[in-house]
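Asks: Take a look at the following structure, please.
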Amino acid sequence: MTGCPTEDELIALLDGEATINAAARTRAHLSDCARCRAVWSELEEIVNGIRAPLPALDVERAVAGVMRRIELEPRVEPLERKRRAAPALLAGSFAAAAAIAIAFSTLRTPSPDALRARFRDDVIDEIPAFFP
Amino acid sequence: MVRPRLVQVEPEGAPLGARTDDELMLLAKAGARDAFGVLARRHMERLVRFCAKQVGDLAAAEEVAQDTWAYLWATRERYLPQGKFLVLLFTAARNRCVNHHRGARRKSSWLAPEGDGTQVDLHAAAPSHLDALLVRERQRGILAALAKIPPASREALLLRFGEELSYEEMSAVQGAVPSTIRSRVHHGLKELRALLAGESEEEP
């Protein structure tokens, strides 16, 4: 029969990559051409061979092997690391804040004369440290 | 020694088995080993099948598959959920198969199931049994021929017909443009057909 599809065209049909028109044309040809049908059958058999299942695989055993292997790997937990680092970080922050507060309050502490001017005597007596 | 905190996967919502590959990898990223186990169970058979047809040996294929999973676990922190887990899986497996080839000469006999050693009385055997024997023998021939074609073509055929990946996915796995992969599939099939035709001509 003339106008036989090429092997590439048969493979494209088998692979699901042929256009709709090309697929219809090739299928129509296959129904009439014994020689092309034989080539088609050979290609189909090869693809089925590639898809052939393996001897039975024990999936559970294989997965257990994977799990054993990953158990051996030292675990890295970024969240845990952050938590362990947090207390030191907080302590540092508090210390820095306290230092700043003390420095600020020292700088801003009014002189005893200024305090005396601002407060009545009885109040001044309650904070003797500032009024030696 | 402070034991690291294990992440508990809450039973609420969809069960692990119903989660997508991306979701399971994200859970694995958070430390959920059971999620990783579900992922491994889901894809183990196809991964070993792919590796076995690449390296030609079932036991070696299982080792390669385990190496692949161990690698995915070790690098899970870098996983980006893009719906392309299979591409990552087969790329990692493919690279390990290539390394295996470098380290050990490929077995030309494949894992070919040549029968279990028991003698079959062909006259007494049922027709269905004979058909099964013939199919198995033809498959053995195809897989043996598969071992003889160039690795890139073999890989393309296994990914396309064995694992039914799209050309875009195969392109990512093989690191070549889809048109090149298509060409590998076509050449591979033609080579296989030629090899098998040659073998059948040699038979008496």
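Naming works like this for the structure tokens: A, B, ... for the chains as they're shown, residue 1 at the start of each chain, ligands 1 onward in shown order.
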Give me, as a PDB file with N, CA and C atoms, in the first residue's frame, the residues of chain B touching chain A, with the criterion being at most 8 Å (counting only C-alpha atoms).
Replies:
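out28.pdb written:
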```
ATOM      1  N   PRO B   4      16.135  16.785  70.570  1.00  0.00           N
ATOM      2  CA  PRO B   4      15.376  17.707  69.733  1.00  0.00           C
ATOM      3  C   PRO B   4      13.887  17.395  69.802  1.00  0.00           C
ATOM      4  N   ARG B   5      13.111  18.410  69.635  1.00  0.00           N
ATOM      5  CA  ARG B   5      11.659  18.261  69.718  1.00  0.00           C
ATOM      6  C   ARG B   5      11.146  17.596  68.441  1.00  0.00           C
ATOM      7  N   GLY B  31      10.198  18.502  60.068  1.00  0.00           N
ATOM      8  CA  GLY B  31      10.714  17.438  60.918  1.00  0.00           C
ATOM      9  C   GLY B  31       9.825  16.217  61.043  1.00  0.00           C
ATOM     10  N   ARG B  33       8.938  12.939  60.252  1.00  0.00           N
ATOM     11  CA  ARG B  33       9.479  11.780  59.551  1.00  0.00           C
ATOM     12  C   ARG B  33       8.371  10.872  59.018  1.00  0.00           C
ATOM     13  N   GLY B  37       7.903   9.227  55.393  1.00  0.00           N
ATOM     14  CA  GLY B  37       7.664   7.796  55.196  1.00  0.00           C
ATOM     15  C   GLY B  37       6.493   7.545  54.253  1.00  0.00           C
ATOM     16  N   ALA B  40       7.690   8.256  50.782  1.00  0.00           N
ATOM     17  CA  ALA B  40       8.558   7.171  50.291  1.00  0.00           C
ATOM     18  C   ALA B  40       7.720   5.960  49.891  1.00  0.00           C
ATOM     19  N   ARG B  41       6.709   5.650  50.706  1.00  0.00           N
ATOM     20  CA  ARG B  41       5.845   4.500  50.420  1.00  0.00           C
ATOM     21  C   ARG B  41       5.066   4.734  49.119  1.00  0.00           C
ATOM     22  N   MET B  44       7.856   4.539  46.180  1.00  0.00           N
ATOM     23  CA  MET B  44       8.968   3.587  46.227  1.00  0.00           C
ATOM     24  C   MET B  44       8.969   2.616  45.043  1.00  0.00           C
ATOM     25  N   GLU B  45       7.802   2.058  44.743  1.00  0.00           N
ATOM     26  CA  GLU B  45       7.765   1.019  43.725  1.00  0.00           C
ATOM     27  C   GLU B  45       8.199   1.557  42.359  1.00  0.00           C
ATOM     28  N   ARG B  49      11.548   0.559  40.307  1.00  0.00           N
ATOM     29  CA  ARG B  49      11.364   0.035  38.948  1.00  0.00           C
ATOM     30  C   ARG B  49      12.230   0.827  37.956  1.00  0.00           C
ATOM     31  N   GLU B  62      17.441  -1.071  44.635  1.00  0.00           N
ATOM     32  CA  GLU B  62      16.917  -0.718  45.960  1.00  0.00           C
ATOM     33  C   GLU B  62      17.896   0.166  46.717  1.00  0.00           C
ATOM     34  N   GLN B  66      17.265   3.946  47.942  1.00  0.00           N
ATOM     35  CA  GLN B  66      17.461   4.381  49.342  1.00  0.00           C
ATOM     36  C   GLN B  66      18.384   5.590  49.417  1.00  0.00           C
ATOM     37  N   TRP B  69      16.323   8.624  48.505  1.00  0.00           N
ATOM     38  CA  TRP B  69      15.455   9.112  49.593  1.00  0.00           C
ATOM     39  C   TRP B  69      16.270   9.780  50.697  1.00  0.00           C
ATOM     40  N   ALA B  70      17.434   9.193  50.996  1.00  0.00           N
ATOM     41  CA  ALA B  70      18.287   9.775  52.048  1.00  0.00           C
ATOM     42  C   ALA B  70      18.744  11.171  51.624  1.00  0.00           C
ATOM     43  N   TRP B  73      15.879  13.602  52.028  1.00  0.00           N
ATOM     44  CA  TRP B  73      15.685  13.948  53.447  1.00  0.00           C
ATOM     45  C   TRP B  73      16.739  14.962  53.893  1.00  0.00           C
ATOM     46  N   ALA B  74      17.992  14.700  53.515  1.00  0.00           N
ATOM     47  CA  ALA B  74      19.084  15.572  53.946  1.00  0.00           C
ATOM     48  C   ALA B  74      18.954  16.986  53.374  1.00  0.00           C
ATOM     49  N   PRO B 113      14.046 -12.136  34.556  1.00  0.00           N
ATOM     50  CA  PRO B 113      13.500 -13.309  35.233  1.00  0.00           C
ATOM     51  C   PRO B 113      13.535 -14.504  34.282  1.00  0.00           C
ATOM     52  N   ARG B 138       9.487 -12.594  25.932  1.00  0.00           N
ATOM     53  CA  ARG B 138       9.588 -11.423  25.044  1.00  0.00           C
ATOM     54  C   ARG B 138       9.980 -10.183  25.855  1.00  0.00           C
ATOM     55  N   GLN B 139       9.406 -10.055  27.032  1.00  0.00           N
ATOM     56  CA  GLN B 139       9.748  -8.900  27.876  1.00  0.00           C
ATOM     57  C   GLN B 139      11.218  -8.935  28.279  1.00  0.00           C
ATOM     58  N   ARG B 140      11.690 -10.148  28.551  1.00  0.00           N
ATOM     59  CA  ARG B 140      13.105 -10.289  28.919  1.00  0.00           C
ATOM     60  C   ARG B 140      13.989  -9.818  27.760  1.00  0.00           C
ATOM     61  N   ILE B 142      13.209  -7.646  25.454  1.00  0.00           N
ATOM     62  CA  ILE B 142      13.090  -6.184  25.305  1.00  0.00           C
ATOM     63  C   ILE B 142      13.960  -5.485  26.348  1.00  0.00           C
ATOM     64  N   LEU B 143      13.905  -5.965  27.568  1.00  0.00           N
ATOM     65  CA  LEU B 143      14.700  -5.331  28.629  1.00  0.00           C
ATOM     66  C   LEU B 143      16.190  -5.543  28.413  1.00  0.00           C
ATOM     67  N   LEU B 157      13.191   6.698  27.430  1.00  0.00           N
ATOM     68  CA  LEU B 157      12.115   5.703  27.246  1.00  0.00           C
ATOM     69  C   LEU B 157      11.516   5.277  28.586  1.00  0.00           C
ATOM     70  N   LEU B 158      12.389   5.101  29.579  1.00  0.00           N
ATOM     71  CA  LEU B 158      11.891   4.684  30.901  1.00  0.00           C
ATOM     72  C   LEU B 158      11.041   5.778  31.545  1.00  0.00           C
ATOM     73  N   PHE B 161       7.620   6.084  28.993  1.00  0.00           N
ATOM     74  CA  PHE B 161       6.659   4.975  28.970  1.00  0.00           C
ATOM     75  C   PHE B 161       6.593   4.225  30.304  1.00  0.00           C
ATOM     76  N   GLY B 162       7.704   4.177  30.995  1.00  0.00           N
ATOM     77  CA  GLY B 162       7.694   3.480  32.287  1.00  0.00           C
ATOM     78  C   GLY B 162       7.029   4.308  33.369  1.00  0.00           C
ATOM     79  N   HIS B 186      12.204   8.722  20.156  1.00  0.00           N
ATOM     80  CA  HIS B 186      12.026   8.140  18.825  1.00  0.00           C
ATOM     81  C   HIS B 186      13.229   7.266  18.447  1.00  0.00           C
ATOM     82  N   LEU B 189      13.295   3.993  20.498  1.00  0.00           N
ATOM     83  CA  LEU B 189      12.330   2.973  20.060  1.00  0.00           C
ATOM     84  C   LEU B 189      12.782   2.324  18.749  1.00  0.00           C
ATOM     85  N   LYS B 190      13.301   3.137  17.845  1.00  0.00           N
ATOM     86  CA  LYS B 190      13.748   2.594  16.560  1.00  0.00           C
ATOM     87  C   LYS B 190      14.940   1.654  16.758  1.00  0.00           C
ATOM     88  N   LEU B 192      15.625  -0.039  19.480  1.00  0.00           N
ATOM     89  CA  LEU B 192      15.137  -1.263  20.127  1.00  0.00           C
ATOM     90  C   LEU B 192      14.500  -2.195  19.099  1.00  0.00           C
ATOM     91  N   ARG B 193      13.712  -1.615  18.230  1.00  0.00           N
ATOM     92  CA  ARG B 193      13.027  -2.436  17.212  1.00  0.00           C
ATOM     93  C   ARG B 193      14.057  -3.097  16.288  1.00  0.00           C
TER      94      ARG B 193
END
```
Asks: How far is it from atom CA of B:Gln174 to atom CA of A:Ile20, in Å with one decimal?
Replies: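 The value is 28.1 Å.
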Asks: Using atom CA of B:Met170 and atom CA of A:Arg27 as the two end points, give the distance in Å to one decimal.
Replies: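 Distance reported for this atom pair: 27.3 Å.
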Asks: Quote the spacing between atom CA of B:Leu88 and atom CA of B:Lys53 in Å to one decimal place.
Replies: 18.8 Å
